[in-house]
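*Asks:* What follows is the file model-v8.tsv, containing TSV, C-alpha atoms:
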```tsv
chain	number	residue	atom	x	y	z
A	1	MET	CA	42.38	151.68	-23.96
A	2	GLN	CA	45.49	153.83	-24.01
A	3	ILE	CA	47.35	155.12	-27.08
A	4	LYS	CA	50.78	156.64	-26.50
A	5	LEU	CA	52.79	158.57	-29.09
A	6	THR	CA	56.48	159.11	-28.41
A	7	ASN	CA	58.51	161.49	-30.61
A	8	THR	CA	56.18	160.52	-33.47
A	9	GLY	CA	56.59	162.16	-36.85
A	10	LYS	CA	55.30	161.81	-40.41
A	11	ARG	CA	56.72	163.14	-43.64
A	12	TYR	CA	55.89	162.91	-47.32
A	13	ASN	CA	59.06	162.98	-49.40
A	14	ARG	CA	61.18	165.64	-47.68
A	15	GLU	CA	58.33	167.61	-46.13
A	16	TRP	CA	57.53	166.91	-42.48
A	17	ILE	CA	53.79	167.03	-41.82
A	18	PHE	CA	54.37	166.89	-38.06
A	19	ARG	CA	57.26	165.95	-35.78
A	20	HIS	CA	58.06	165.20	-32.13
A	21	VAL	CA	54.51	164.38	-31.05
A	22	ASP	CA	54.53	163.18	-27.44
A	23	TYR	CA	50.99	162.52	-26.27
A	24	GLU	CA	48.99	159.98	-24.30
A	25	PHE	CA	45.32	159.29	-25.04
A	26	SER	CA	43.13	157.39	-22.55
A	27	SER	CA	39.65	155.85	-22.54
A	28	GLY	CA	36.84	157.92	-21.09
A	29	LYS	CA	38.40	161.15	-22.36
A	30	SER	CA	37.86	163.15	-25.54
A	31	TYR	CA	40.48	165.01	-27.56
A	32	ALA	CA	40.45	167.40	-30.50
A	33	ILE	CA	43.18	167.80	-33.11
A	34	THR	CA	42.78	171.25	-34.63
A	35	GLY	CA	44.39	173.42	-37.27
A	36	PRO	CA	43.63	174.95	-40.68
A	37	ASN	CA	42.96	172.93	-43.81
A	38	GLY	CA	46.04	171.11	-45.05
A	39	SER	CA	47.86	171.41	-41.72
A	40	GLY	CA	48.11	167.65	-41.08
A	41	LYS	CA	45.18	166.98	-38.73
A	42	SER	CA	43.82	164.12	-40.81
A	43	THR	CA	47.28	162.66	-41.32
A	44	LEU	CA	47.88	162.54	-37.56
A	45	LEU	CA	44.50	160.87	-37.06
A	46	GLN	CA	45.33	158.28	-39.72
A	47	VAL	CA	48.70	157.62	-38.08
A	48	ILE	CA	46.95	157.09	-34.73
A	49	ALA	CA	44.52	154.72	-36.45
A	50	GLY	CA	47.41	152.75	-37.94
A	51	ALA	CA	46.15	153.43	-41.46
A	52	VAL	CA	49.25	155.48	-42.32
A	53	GLN	CA	52.77	154.53	-41.22
A	54	HIS	CA	54.76	157.11	-39.25
A	55	ASN	CA	58.39	157.84	-40.17
A	56	GLU	CA	59.91	158.40	-36.75
A	57	GLY	CA	59.16	157.71	-33.11
A	58	LYS	CA	56.67	155.10	-31.99
A	59	ILE	CA	53.02	154.44	-31.18
A	60	GLU	CA	51.98	152.08	-28.39
A	61	TYR	CA	48.51	150.63	-27.89
A	62	ASN	CA	47.58	149.26	-24.47
A	63	ASP	CA	44.41	147.47	-23.45
A	64	ILE	CA	43.69	148.80	-19.95
A	65	ARG	CA	41.64	146.46	-17.75
A	66	SER	CA	40.59	146.51	-14.13
A	67	ASN	CA	42.72	144.57	-11.70
A	68	ILE	CA	40.38	141.92	-10.27
A	69	GLN	CA	42.40	141.57	-7.08
A	70	HIS	CA	42.81	145.33	-6.65
A	71	PRO	CA	39.81	147.06	-8.29
A	72	ALA	CA	41.21	150.54	-7.68
A	73	SER	CA	44.17	149.80	-9.95
A	74	SER	CA	44.44	148.60	-13.54
A	75	ILE	CA	46.60	146.36	-15.70
A	76	GLN	CA	48.06	147.24	-19.11
A	77	TYR	CA	48.05	144.62	-21.86
A	78	PRO	CA	50.19	145.72	-24.83
A	79	VAL	CA	48.44	145.42	-28.18
A	80	SER	CA	50.52	144.82	-31.29
A	81	ASN	CA	50.24	147.47	-34.00
A	82	ILE	CA	48.95	144.76	-36.34
A	83	ASP	CA	45.98	144.06	-34.05
A	84	ALA	CA	45.25	147.67	-33.10
A	85	TYR	CA	42.48	147.97	-35.72
A	86	LYS	CA	40.36	145.60	-33.65
A	87	TYR	CA	40.10	148.29	-30.97
A	88	ILE	CA	39.49	151.26	-33.27
A	89	SER	CA	36.50	152.59	-35.22
A	90	ILE	CA	36.80	155.55	-37.56
A	91	ALA	CA	34.51	157.81	-39.58
A	92	THR	CA	36.04	160.12	-42.20
A	93	PRO	CA	34.90	162.00	-45.33
A	94	TYR	CA	37.32	159.93	-47.43
A	95	LEU	CA	35.97	156.60	-46.16
A	96	GLU	CA	34.34	154.91	-49.16
A	97	LEU	CA	31.11	152.95	-48.93
A	98	ILE	CA	30.28	150.17	-51.40
A	99	GLU	CA	27.56	151.94	-53.35
A	100	GLU	CA	26.09	148.80	-54.94
A	101	MET	CA	25.09	147.61	-51.45
A	102	THR	CA	21.97	148.61	-49.58
A	103	ALA	CA	22.22	150.15	-46.12
A	104	ILE	CA	21.37	146.78	-44.55
A	105	GLU	CA	23.95	144.96	-46.67
A	106	SER	CA	26.61	147.55	-45.88
A	107	LEU	CA	26.11	147.26	-42.11
A	108	ASP	CA	25.92	143.47	-42.36
A	109	PHE	CA	29.23	143.49	-44.24
A	110	HIS	CA	30.74	145.83	-41.64
A	111	ALA	CA	29.67	143.36	-38.93
A	112	THR	CA	32.05	140.77	-40.42
A	113	PHE	CA	34.93	143.03	-39.27
A	114	LYS	CA	33.58	144.55	-36.05
A	115	THR	CA	31.05	143.34	-33.49
A	116	LEU	CA	28.04	145.67	-33.42
A	117	THR	CA	26.44	146.97	-30.23
A	118	LYS	CA	22.94	147.14	-31.72
A	119	SER	CA	20.94	145.23	-34.28
A	120	ILE	CA	21.00	146.66	-37.80
A	121	PRO	CA	17.32	147.81	-37.66
A	122	GLU	CA	18.08	149.57	-34.36
A	123	MET	CA	21.13	151.27	-35.85
A	124	LEU	CA	19.19	152.52	-38.86
A	125	ALA	CA	16.43	153.81	-36.60
A	126	GLU	CA	18.99	155.70	-34.48
A	127	ILE	CA	20.29	157.57	-37.54
A	128	ASN	CA	16.82	158.02	-39.09
A	129	LEU	CA	17.52	155.86	-42.13
A	130	GLU	CA	15.05	153.05	-41.45
A	131	ASN	CA	13.00	154.07	-44.49
A	132	ALA	CA	16.09	153.73	-46.70
A	133	ALA	CA	17.17	150.35	-45.31
A	134	SER	CA	16.80	148.51	-48.64
A	135	LYS	CA	17.92	151.36	-50.85
A	136	GLN	CA	21.26	151.13	-52.67
A	137	ILE	CA	23.82	153.56	-51.25
A	138	ARG	CA	24.48	154.98	-54.73
A	139	TYR	CA	21.07	156.69	-54.42
A	140	PHE	CA	21.83	158.18	-50.98
A	141	SER	CA	22.45	161.89	-50.56
A	142	SER	CA	25.87	162.89	-49.19
A	143	GLY	CA	24.26	163.53	-45.81
A	144	MET	CA	22.68	160.06	-45.72
A	145	LYS	CA	26.05	158.49	-46.52
A	146	GLN	CA	27.65	160.44	-43.67
A	147	ARG	CA	24.98	159.21	-41.24
A	148	LEU	CA	25.74	155.64	-42.28
A	149	LYS	CA	29.48	156.19	-41.74
A	150	LEU	CA	28.78	157.56	-38.27
A	151	ALA	CA	26.60	154.56	-37.46
A	152	GLN	CA	29.38	152.17	-38.45
A	153	ALA	CA	31.79	153.98	-36.14
A	154	PHE	CA	29.56	154.65	-33.14
A	155	PHE	CA	27.94	151.22	-33.01
A	156	SER	CA	31.09	149.15	-33.41
A	157	ASN	CA	32.05	147.49	-30.15
A	158	THR	CA	35.46	149.18	-29.85
A	159	PRO	CA	36.98	151.32	-27.08
A	160	VAL	CA	38.45	153.90	-29.49
A	161	LEU	CA	36.40	156.23	-31.72
A	162	LEU	CA	38.21	158.41	-34.28
A	163	LEU	CA	36.25	161.11	-36.11
A	164	ASP	CA	37.55	163.27	-38.96
A	165	GLU	CA	35.34	166.28	-39.74
A	166	PRO	CA	32.31	164.26	-38.56
A	167	THR	CA	29.56	166.70	-39.58
A	168	THR	CA	30.71	166.93	-43.22
A	169	ASN	CA	27.62	167.07	-45.50
A	170	LEU	CA	25.22	167.06	-42.53
A	171	ASP	CA	22.35	169.54	-42.23
A	172	ALA	CA	21.14	170.99	-38.92
A	173	ASP	CA	19.23	167.80	-38.05
A	174	GLY	CA	22.29	165.71	-38.88
A	175	ILE	CA	24.53	167.86	-36.67
A	176	ALA	CA	22.04	167.48	-33.82
A	177	LEU	CA	22.12	163.71	-34.42
A	178	TYR	CA	25.93	163.73	-34.20
A	179	HIS	CA	25.85	165.41	-30.80
A	180	LYS	CA	23.16	163.00	-29.63
A	181	LEU	CA	25.37	160.05	-30.61
A	182	ILE	CA	28.34	161.61	-28.79
A	183	ASN	CA	26.36	162.21	-25.60
A	184	LYS	CA	24.60	158.84	-25.66
A	185	TYR	CA	27.24	156.40	-26.89
A	186	ALA	CA	30.75	157.84	-26.55
A	187	LYS	CA	31.09	158.59	-22.83
A	188	GLU	CA	33.24	155.55	-22.01
A	189	LYS	CA	35.26	155.58	-25.22
A	190	LEU	CA	38.57	157.21	-26.12
A	191	VAL	CA	37.37	159.83	-28.62
A	192	ILE	CA	39.63	161.84	-30.92
A	193	VAL	CA	38.11	164.42	-33.28
A	194	SER	CA	40.09	166.00	-36.12
A	195	SER	CA	38.46	169.29	-37.04
A	196	ASN	CA	38.78	173.05	-37.37
A	197	ASP	CA	35.05	173.50	-36.68
A	198	LYS	CA	34.42	174.05	-32.96
A	199	GLN	CA	30.87	172.71	-33.09
A	200	GLU	CA	32.38	169.31	-33.95
A	201	TYR	CA	34.69	169.20	-30.94
A	202	SER	CA	33.16	171.56	-28.36
A	203	PHE	CA	32.71	168.64	-25.95
A	204	CYS	CA	36.40	167.65	-26.04
A	205	GLU	CA	38.39	167.97	-22.83
A	206	GLU	CA	41.79	168.48	-24.43
A	207	VAL	CA	42.71	170.36	-27.61
A	208	ILE	CA	45.88	169.60	-29.59
A	209	LEU	CA	47.15	172.27	-31.99
A	210	ILE	CA	48.84	170.55	-34.91
A	211	SER	CA	50.85	173.74	-35.52
A	212	ASN	CA	52.77	173.01	-32.30
A	213	TYR	CA	54.35	169.97	-33.97
A	214	LYS	CA	55.78	171.49	-37.15
```
Would you encode the structure as structure tokens?
*Replies:*
Amino acid sequence: MQIKLTNTGKRYNREWIFRHVDYEFSSGKSYAITGPNGSGKSTLLQVIAGAVQHNEGKIEYNDIRSNIQHPASSIQYPVSNIDAYKYISIATPYLELIEEMTAIESLDFHATFKTLTKSIPEMLAEINLENAASKQIRYFSSGMKQRLKLAQAFFSNTPVLLLDEPTTNLDADGIALYHKLINKYAKEKLVIVSSNDKQEYSFCEEVILISNYK
């Protein structure tokens, strides 16, 4: 998967959050968007996800596949912005879970939107929530909810993984789990992390300073 931003900008009323972003993101690589609180990191991530509409420039999504006749090369298949969500999974602190559902019900509901790469029992075991499988999410701690959000993102069969402050509400064991998921399941994906905490993006190959686009 390839995501290309050309002269992309976003404003709220008359205030520009960022402008003139020219950047190309590709599968198999990891990127960090950094900057202080309120600088626009999350807004840029939401624009990339297609959840928030940009005000200038453009965003292109391309499905990159191997060329059967020439394996060393690849072919680009443009993806419409309307269909881009099919290729993207996201975990954010502001992502709401349906608290009347149990963990099993929540993941089963999520599976109606995205194909999962593991069975639900396997997913819950990976994030150490198997003992809370039938518990309503309203009774989860904030850390348990964050683990469930990460599971939804990591185990969706999509080439793009977007993470906004991914260790929010996680304790030391949860942070270790996050890095385990990154190392085990994100190697082939296009990963973009929005964060000002280096432990969340230390593995990223490229770092984007949002302050460069003001």
*Asks:* Which residues, written as a PyMOL selection string, have at least one atom at most 10 Å from segment 172-180 of chain A, with only C-alpha atoms counted and residues fewer than 6 positions away on the same chain left out?
*Replies:* chain A and resi 126-128+143-144+146-147+150-151+154+166+186+199-203
*Asks:* Export, as a PDB file, keeping the file's coordinate frame, the selected residues with C-alpha atoms.
*Replies:*
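Output file again27.pdb follows:
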```pdb
ATOM      1  CA  GLU A 126      18.990 155.700 -34.480  1.00  0.00           C
ATOM      2  CA  ILE A 127      20.290 157.570 -37.540  1.00  0.00           C
ATOM      3  CA  ASN A 128      16.820 158.020 -39.090  1.00  0.00           C
ATOM      4  CA  GLY A 143      24.260 163.530 -45.810  1.00  0.00           C
ATOM      5  CA  MET A 144      22.680 160.060 -45.720  1.00  0.00           C
ATOM      6  CA  GLN A 146      27.650 160.440 -43.670  1.00  0.00           C
ATOM      7  CA  ARG A 147      24.980 159.210 -41.240  1.00  0.00           C
ATOM      8  CA  LEU A 150      28.780 157.560 -38.270  1.00  0.00           C
ATOM      9  CA  ALA A 151      26.600 154.560 -37.460  1.00  0.00           C
ATOM     10  CA  PHE A 154      29.560 154.650 -33.140  1.00  0.00           C
ATOM     11  CA  PRO A 166      32.310 164.260 -38.560  1.00  0.00           C
ATOM     12  CA  ALA A 186      30.750 157.840 -26.550  1.00  0.00           C
ATOM     13  CA  GLN A 199      30.870 172.710 -33.090  1.00  0.00           C
ATOM     14  CA  GLU A 200      32.380 169.310 -33.950  1.00  0.00           C
ATOM     15  CA  TYR A 201      34.690 169.200 -30.940  1.00  0.00           C
ATOM     16  CA  SER A 202      33.160 171.560 -28.360  1.00  0.00           C
ATOM     17  CA  PHE A 203      32.710 168.640 -25.950  1.00  0.00           C
TER      18      PHE A 203
END
```
*Asks:* Please tell me which residues are no farther than 10 Å from (23.8, 151.4, -54.1) in the file, counting all atoms listed in the file, and write them as number ranges by chain.
*Replies:* A: 97-103, 105-106, 134-140
*Asks:* Contacts of Ala32 of chain A at 12 Å or less, counting all atoms listed in the file, minus same-chain residues fewer than 6 places along, as a compact mmCIF listing (two decimals) with C-alpha atoms, in the frame of the given file?
*Replies:*
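Output file out-v2.txt is given in full below:
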```txt
# COMPACT_ATOMS: atom_id res chain seq x y z
CA PHE A 25 45.32 159.29 -25.04
CA LYS A 41 45.18 166.98 -38.73
CA SER A 42 43.82 164.12 -40.81
CA LEU A 44 47.88 162.54 -37.56
CA LEU A 45 44.50 160.87 -37.06
CA LEU A 161 36.40 156.23 -31.72
CA LEU A 162 38.21 158.41 -34.28
CA LEU A 163 36.25 161.11 -36.11
CA ASP A 164 37.55 163.27 -38.96
CA GLU A 165 35.34 166.28 -39.74
CA PRO A 166 32.31 164.26 -38.56
CA LEU A 190 38.57 157.21 -26.12
CA VAL A 191 37.37 159.83 -28.62
CA ILE A 192 39.63 161.84 -30.92
CA VAL A 193 38.11 164.42 -33.28
CA SER A 194 40.09 166.00 -36.12
CA SER A 195 38.46 169.29 -37.04
CA ASN A 196 38.78 173.05 -37.37
CA ASP A 197 35.05 173.50 -36.68
CA LYS A 198 34.42 174.05 -32.96
CA GLN A 199 30.87 172.71 -33.09
CA GLU A 200 32.38 169.31 -33.95
CA TYR A 201 34.69 169.20 -30.94
CA SER A 202 33.16 171.56 -28.36
CA PHE A 203 32.71 168.64 -25.95
CA CYS A 204 36.40 167.65 -26.04
CA GLU A 205 38.39 167.97 -22.83
CA GLU A 206 41.79 168.48 -24.43
CA VAL A 207 42.71 170.36 -27.61
CA ILE A 208 45.88 169.60 -29.59
CA LEU A 209 47.15 172.27 -31.99
CA ILE A 210 48.84 170.55 -34.91
```
*Asks:* If I take atom CA of Leu170 of chain A and atom CA of Phe155 of chain A, how far is one from the other in Å, to one decimal?
*Replies:*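 Computing the Euclidean distance for atom CA of Leu170 of chain A and atom CA of Phe155 of chain A yields 18.7 Å.
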*Asks:* Nearest to Trp16 of chain A: which of A:Ser30, A:Asn37, A:Thr43, A:Thr168 is it, counting only C-alpha atoms?
*Replies:* A:Thr43
*Asks:* A:Arg19, A:Lys86, A:Lys4, A:Lys145: which is nearest Gly40 of chain A, counting all atoms listed in the file?
*Replies:*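 Checking each candidate against Gly40 of chain A, we get A:Arg19 as the closest.
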*Asks:* Just to confirm, what's the straight-line distance from atom CA of Tyr85 of chain A to atom CA of Tyr213 of chain A in Å (one decimal)?
*Replies:* 25.1 Å
*Asks:* Just the number, please: distance in Å from atom CA of Glu15 of chain A to atom CA of Ala91 of chain A, one decimal.
*Replies:* 26.6 Å
*Asks:* Between A:Ser142, A:Pro159, A:Thr8, A:Tyr61, single out the one closest to Tyr94 of chain A, counting all atoms listed in the file.
*Replies:*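 Among the listed residues, A:Ser142 lies closest to Tyr94 of chain A.
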*Asks:* Between A:Leu95, A:Ala51, A:Val160, A:Ala132, which residue has the minimum interatomic distance to Asp63 of chain A, considering all atoms listed in the file?
*Replies:*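 Nearest to Asp63 of chain A: A:Val160.
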*Asks:* Counting only C-alpha atoms, which residue out of A:Ala125, A:Ala111, A:Leu181, A:Ile33 sits closest to Gln46 of chain A?
*Replies:*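 Smallest separation from Gln46 of chain A among the options: A:Ile33.
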*Asks:* Here is a test: counting only C-alpha atoms, which residue of A:Leu148, A:Ser156, A:Pro36, A:Asn13 is nearest to Thr112 of chain A?
*Replies:*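 Among A:Leu148, A:Ser156, A:Pro36, A:Asn13, it is A:Ser156 that comes nearest to Thr112 of chain A.
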*Asks:* Show me, as AutoDock Vina command-line options, the centre and edge lengths in Å to one decimal of the axis-aligned box that covers every listed atom of segment 133-144 of chain A with 5 Å on each side.
*Replies:*
```
--center_x 21.3 --center_y 156.0 --center_z -50.0 --size_x 19.1 --size_y 25.0 --size_z 19.4
```
*Asks:* Save segment 112-124 of chain A to a file: all heavy atoms, as a PDB file, in the first residue's frame.
*Replies:*
```pdb
ATOM      1  N   THR A 112     -17.413  -7.635  11.336  1.00  0.00           N
ATOM      2  CA  THR A 112     -18.369  -7.368  10.253  1.00  0.00           C
ATOM      3  C   THR A 112     -17.857  -6.255   9.335  1.00  0.00           C
ATOM      4  O   THR A 112     -18.382  -6.076   8.232  1.00  0.00           O
ATOM      5  CB  THR A 112     -19.756  -6.975  10.802  1.00  0.00           C
ATOM      6  OG1 THR A 112     -19.656  -5.744  11.538  1.00  0.00           O
ATOM      7  CG2 THR A 112     -20.298  -8.071  11.714  1.00  0.00           C
ATOM      8  N   PHE A 113     -16.839  -5.511   9.793  1.00  0.00           N
ATOM      9  CA  PHE A 113     -16.258  -4.425   8.998  1.00  0.00           C
ATOM     10  C   PHE A 113     -14.905  -4.804   8.413  1.00  0.00           C
ATOM     11  O   PHE A 113     -14.560  -4.391   7.310  1.00  0.00           O
ATOM     12  CB  PHE A 113     -16.090  -3.164   9.860  1.00  0.00           C
ATOM     13  CG  PHE A 113     -17.362  -2.660  10.452  1.00  0.00           C
ATOM     14  CD1 PHE A 113     -17.738  -3.002  11.744  1.00  0.00           C
ATOM     15  CD2 PHE A 113     -18.209  -1.842   9.715  1.00  0.00           C
ATOM     16  CE1 PHE A 113     -18.921  -2.534  12.300  1.00  0.00           C
ATOM     17  CE2 PHE A 113     -19.393  -1.367  10.257  1.00  0.00           C
ATOM     18  CZ  PHE A 113     -19.754  -1.724  11.552  1.00  0.00           C
ATOM     19  N   LYS A 114     -14.120  -5.556   9.166  1.00  0.00           N
ATOM     20  CA  LYS A 114     -12.771  -5.928   8.739  1.00  0.00           C
ATOM     21  C   LYS A 114     -12.556  -7.430   8.960  1.00  0.00           C
ATOM     22  O   LYS A 114     -12.945  -7.978   9.997  1.00  0.00           O
ATOM     23  CB  LYS A 114     -11.710  -5.161   9.549  1.00  0.00           C
ATOM     24  CG  LYS A 114     -11.805  -3.644   9.445  1.00  0.00           C
ATOM     25  CD  LYS A 114     -11.236  -3.146   8.127  1.00  0.00           C
ATOM     26  CE  LYS A 114     -11.476  -1.653   7.934  1.00  0.00           C
ATOM     27  NZ  LYS A 114     -10.731  -0.818   8.854  1.00  0.00           N
ATOM     28  N   THR A 115     -11.900  -8.058   7.998  1.00  0.00           N
ATOM     29  CA  THR A 115     -11.526  -9.463   8.159  1.00  0.00           C
ATOM     30  C   THR A 115     -10.436  -9.553   9.224  1.00  0.00           C
ATOM     31  O   THR A 115      -9.487  -8.765   9.226  1.00  0.00           O
ATOM     32  CB  THR A 115     -11.002 -10.041   6.834  1.00  0.00           C
ATOM     33  OG1 THR A 115     -12.004  -9.890   5.832  1.00  0.00           O
ATOM     34  CG2 THR A 115     -10.655 -11.513   6.983  1.00  0.00           C
ATOM     35  N   LEU A 116     -10.561 -10.522  10.122  1.00  0.00           N
ATOM     36  CA  LEU A 116      -9.583 -10.691  11.188  1.00  0.00           C
ATOM     37  C   LEU A 116      -8.542 -11.731  10.813  1.00  0.00           C
ATOM     38  O   LEU A 116      -8.827 -12.686  10.086  1.00  0.00           O
ATOM     39  CB  LEU A 116     -10.287 -11.100  12.484  1.00  0.00           C
ATOM     40  CG  LEU A 116     -11.376 -10.145  12.994  1.00  0.00           C
ATOM     41  CD1 LEU A 116     -11.996 -10.695  14.278  1.00  0.00           C
ATOM     42  CD2 LEU A 116     -10.809  -8.744  13.222  1.00  0.00           C
ATOM     43  N   THR A 117      -7.330 -11.566  11.313  1.00  0.00           N
ATOM     44  CA  THR A 117      -6.241 -12.488  10.994  1.00  0.00           C
ATOM     45  C   THR A 117      -6.121 -13.624  11.999  1.00  0.00           C
ATOM     46  O   THR A 117      -5.350 -14.558  11.790  1.00  0.00           O
ATOM     47  CB  THR A 117      -4.902 -11.739  10.931  1.00  0.00           C
ATOM     48  OG1 THR A 117      -4.657 -11.106  12.194  1.00  0.00           O
ATOM     49  CG2 THR A 117      -4.940 -10.678   9.835  1.00  0.00           C
ATOM     50  N   LYS A 118      -6.849 -13.536  13.096  1.00  0.00           N
ATOM     51  CA  LYS A 118      -6.866 -14.585  14.108  1.00  0.00           C
ATOM     52  C   LYS A 118      -8.294 -14.798  14.584  1.00  0.00           C
ATOM     53  O   LYS A 118      -9.157 -13.931  14.401  1.00  0.00           O
ATOM     54  CB  LYS A 118      -5.990 -14.200  15.316  1.00  0.00           C
ATOM     55  CG  LYS A 118      -4.487 -14.275  15.083  1.00  0.00           C
ATOM     56  CD  LYS A 118      -3.737 -13.924  16.354  1.00  0.00           C
ATOM     57  CE  LYS A 118      -2.240 -14.101  16.183  1.00  0.00           C
ATOM     58  NZ  LYS A 118      -1.851 -15.513  16.058  1.00  0.00           N
ATOM     59  N   SER A 119      -8.532 -15.925  15.215  1.00  0.00           N
ATOM     60  CA  SER A 119      -9.831 -16.143  15.833  1.00  0.00           C
ATOM     61  C   SER A 119      -9.954 -15.231  17.046  1.00  0.00           C
ATOM     62  O   SER A 119      -8.941 -14.759  17.599  1.00  0.00           O
ATOM     63  CB  SER A 119      -9.979 -17.601  16.264  1.00  0.00           C
ATOM     64  OG  SER A 119      -9.126 -17.887  17.360  1.00  0.00           O
ATOM     65  N   ILE A 120     -11.172 -14.964  17.471  1.00  0.00           N
ATOM     66  CA  ILE A 120     -11.378 -14.076  18.619  1.00  0.00           C
ATOM     67  C   ILE A 120     -10.727 -14.625  19.894  1.00  0.00           C
ATOM     68  O   ILE A 120     -10.061 -13.868  20.616  1.00  0.00           O
ATOM     69  CB  ILE A 120     -12.880 -13.783  18.811  1.00  0.00           C
ATOM     70  CG1 ILE A 120     -13.365 -12.897  17.641  1.00  0.00           C
ATOM     71  CG2 ILE A 120     -13.153 -13.103  20.152  1.00  0.00           C
ATOM     72  CD1 ILE A 120     -14.846 -12.637  17.615  1.00  0.00           C
ATOM     73  N   PRO A 121     -10.852 -15.919  20.212  1.00  0.00           N
ATOM     74  CA  PRO A 121     -10.141 -16.438  21.392  1.00  0.00           C
ATOM     75  C   PRO A 121      -8.627 -16.237  21.295  1.00  0.00           C
ATOM     76  O   PRO A 121      -7.973 -15.909  22.293  1.00  0.00           O
ATOM     77  CB  PRO A 121     -10.510 -17.923  21.402  1.00  0.00           C
ATOM     78  CG  PRO A 121     -11.831 -17.987  20.706  1.00  0.00           C
ATOM     79  CD  PRO A 121     -11.749 -16.951  19.630  1.00  0.00           C
ATOM     80  N   GLU A 122      -8.065 -16.407  20.095  1.00  0.00           N
ATOM     81  CA  GLU A 122      -6.624 -16.201  19.919  1.00  0.00           C
ATOM     82  C   GLU A 122      -6.249 -14.742  20.135  1.00  0.00           C
ATOM     83  O   GLU A 122      -5.218 -14.436  20.753  1.00  0.00           O
ATOM     84  CB  GLU A 122      -6.197 -16.646  18.522  1.00  0.00           C
ATOM     85  CG  GLU A 122      -6.202 -18.142  18.313  1.00  0.00           C
ATOM     86  CD  GLU A 122      -5.939 -18.541  16.864  1.00  0.00           C
ATOM     87  OE1 GLU A 122      -6.289 -17.751  15.950  1.00  0.00           O
ATOM     88  OE2 GLU A 122      -5.400 -19.639  16.639  1.00  0.00           O
ATOM     89  N   MET A 123      -7.079 -13.835  19.638  1.00  0.00           N
ATOM     90  CA  MET A 123      -6.814 -12.412  19.819  1.00  0.00           C
ATOM     91  C   MET A 123      -6.824 -12.031  21.295  1.00  0.00           C
ATOM     92  O   MET A 123      -5.938 -11.313  21.774  1.00  0.00           O
ATOM     93  CB  MET A 123      -7.861 -11.587  19.058  1.00  0.00           C
ATOM     94  CG  MET A 123      -7.757 -11.688  17.550  1.00  0.00           C
ATOM     95  SD  MET A 123      -9.181 -10.960  16.703  1.00  0.00           S
ATOM     96  CE  MET A 123      -9.054  -9.246  17.168  1.00  0.00           C
ATOM     97  N   LEU A 124      -7.829 -12.515  22.011  1.00  0.00           N
ATOM     98  CA  LEU A 124      -7.934 -12.189  23.438  1.00  0.00           C
ATOM     99  C   LEU A 124      -6.770 -12.772  24.230  1.00  0.00           C
ATOM    100  O   LEU A 124      -6.283 -12.153  25.181  1.00  0.00           O
ATOM    101  CB  LEU A 124      -9.275 -12.686  23.982  1.00  0.00           C
ATOM    102  CG  LEU A 124     -10.504 -11.923  23.461  1.00  0.00           C
ATOM    103  CD1 LEU A 124     -11.785 -12.632  23.871  1.00  0.00           C
ATOM    104  CD2 LEU A 124     -10.503 -10.481  23.974  1.00  0.00           C
TER     105      LEU A 124
END
```
